[in-house]
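Since the structure comes first, as structure tokens, the remarks are kept for the end.
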Amino acid sequence: QVQLVESGGGLVQTGGSLRLSCAASGHTFNSYVMGWFRQAPGKEREFVSNIRWNGGNTAYVDSVKGRFTISRDAAKNTVYLQMNNLKPEDTAVYYCAAGAYRVYNDYTNINRYDYWGQGTQVTVSS
């Protein structure tokens, strides 16, 4: 049974930092793309970042470039999202997702991802 379990969310002030973790289990993710999405109240879920488990290629939405860094630890089967210089507009529930080859050419599309975590709340106060 595939499980993606996020952790690390919380309440921070503007300019603060958080590191989200996504622990993956129940599957071999070697050929997968691991993604982070977020959903703010009243808005659609949006792509934030992703990383290929093999090779480490990364992608980011423009609004987080230079502030967020995605990485993975193969030994721990865990993906991280380091978030620095947080802004109130980063407030959202953050979701971890995993997708196979269908993601490769359309990685911002939530429908291309096969597995999702339960989400972790990030709140940035002004």
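So you can find residues: chains in the structure tokens are A, B, ... in the order shown, residues in each start at 1, and ligands are numbered from 1 in order.
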As a PyMOL selection string, list the residues of chain A assigned to strand (DSSP E or B) by DSSP on the backbone atoms of this structure. chain A and resi 3-7+10-13+18-25+33-39+46-52+58-60+68-73+78-83+92-99+115-116+120-125
Contacts of segment 29-32 of chain A within 7 Å, only C-alpha atoms, excl. fewer than 2 positions in-chain, as a PDB file with N, CA and C atoms, in the first residue's frame:
ATOM      1  N   HIS A  27       6.099   1.389  -2.213  1.00  0.00           N
ATOM      2  CA  HIS A  27       6.310   1.322  -3.658  1.00  0.00           C
ATOM      3  C   HIS A  27       7.764   1.650  -3.959  1.00  0.00           C
ATOM      4  N   MET A  34       8.445  13.176  -7.937  1.00  0.00           N
ATOM      5  CA  MET A  34       7.838  13.537  -6.663  1.00  0.00           C
ATOM      6  C   MET A  34       7.550  15.032  -6.684  1.00  0.00           C
ATOM      7  N   ARG A  52      12.747  14.622  -9.991  1.00  0.00           N
ATOM      8  CA  ARG A  52      12.796  13.231 -10.457  1.00  0.00           C
ATOM      9  C   ARG A  52      13.608  12.423  -9.462  1.00  0.00           C
ATOM     10  N   TRP A  53      13.032  11.278  -9.065  1.00  0.00           N
ATOM     11  CA  TRP A  53      13.724  10.482  -8.073  1.00  0.00           C
ATOM     12  C   TRP A  53      15.093  10.054  -8.589  1.00  0.00           C
ATOM     13  N   ASN A  54      15.150   9.670  -9.855  1.00  0.00           N
ATOM     14  CA  ASN A  54      16.432   9.368 -10.502  1.00  0.00           C
ATOM     15  C   ASN A  54      16.899  10.607 -11.250  1.00  0.00           C
ATOM     16  N   ALA A  98       3.127  11.762  -6.027  1.00  0.00           N
ATOM     17  CA  ALA A  98       4.060  10.937  -6.783  1.00  0.00           C
ATOM     18  C   ALA A  98       3.400  10.511  -8.084  1.00  0.00           C
ATOM     19  N   GLY A  99       4.154  10.610  -9.162  1.00  0.00           N
ATOM     20  CA  GLY A  99       3.618  10.233 -10.458  1.00  0.00           C
ATOM     21  C   GLY A  99       4.675   9.559 -11.305  1.00  0.00           C
ATOM     22  N   ALA A 100       4.222   8.702 -12.201  1.00  0.00           N
ATOM     23  CA  ALA A 100       5.144   7.967 -13.075  1.00  0.00           C
ATOM     24  C   ALA A 100       5.295   8.700 -14.409  1.00  0.00           C
TER      25      ALA A 100
END
For Arg19 of chain A, which residue out of A:Leu81, A:Ala40, A:Val48, A:Ile70 is the nearest one, using only C-alpha atoms?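 Result for the nearest residue to Arg19 of chain A: A:Leu81.
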Can you tell me which residues surround Leu4 of chain A at a distance of at most 10 Å, considering only C-alpha atoms, apart from same-chain residues fewer than 4 positions away, and format the answer as a ChimeraX atom specification? /A:21-26,78-79,95-98,115-119
Looking at A:Asn57, A:Gln82, A:Gln13, A:Ser125, which one is nearest to Thr69 of chain A, with distances taken over only C-alpha atoms?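 Using only C-alpha atoms, the shortest distance to Thr69 of chain A belongs to A:Gln82.
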Shell around Lys87 of chain A at 6 Å using only C-alpha atoms, local window under 2 positions removed, as a count of residues only: 3
Identify which of the residues A:Asn109, A:Thr123, A:Thr28, A:Asn77 lies closest to Ser49 of chain A, counting only C-alpha atoms when measuring atom-to-atom distances. A:Asn109
Could you check which of A:Ile51, A:Ala75, A:Val64, A:Val33 is closest to Arg102 of chain A, using only C-alpha atoms?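 Of the candidates, the smallest distance to Arg102 of chain A is held by A:Val33.
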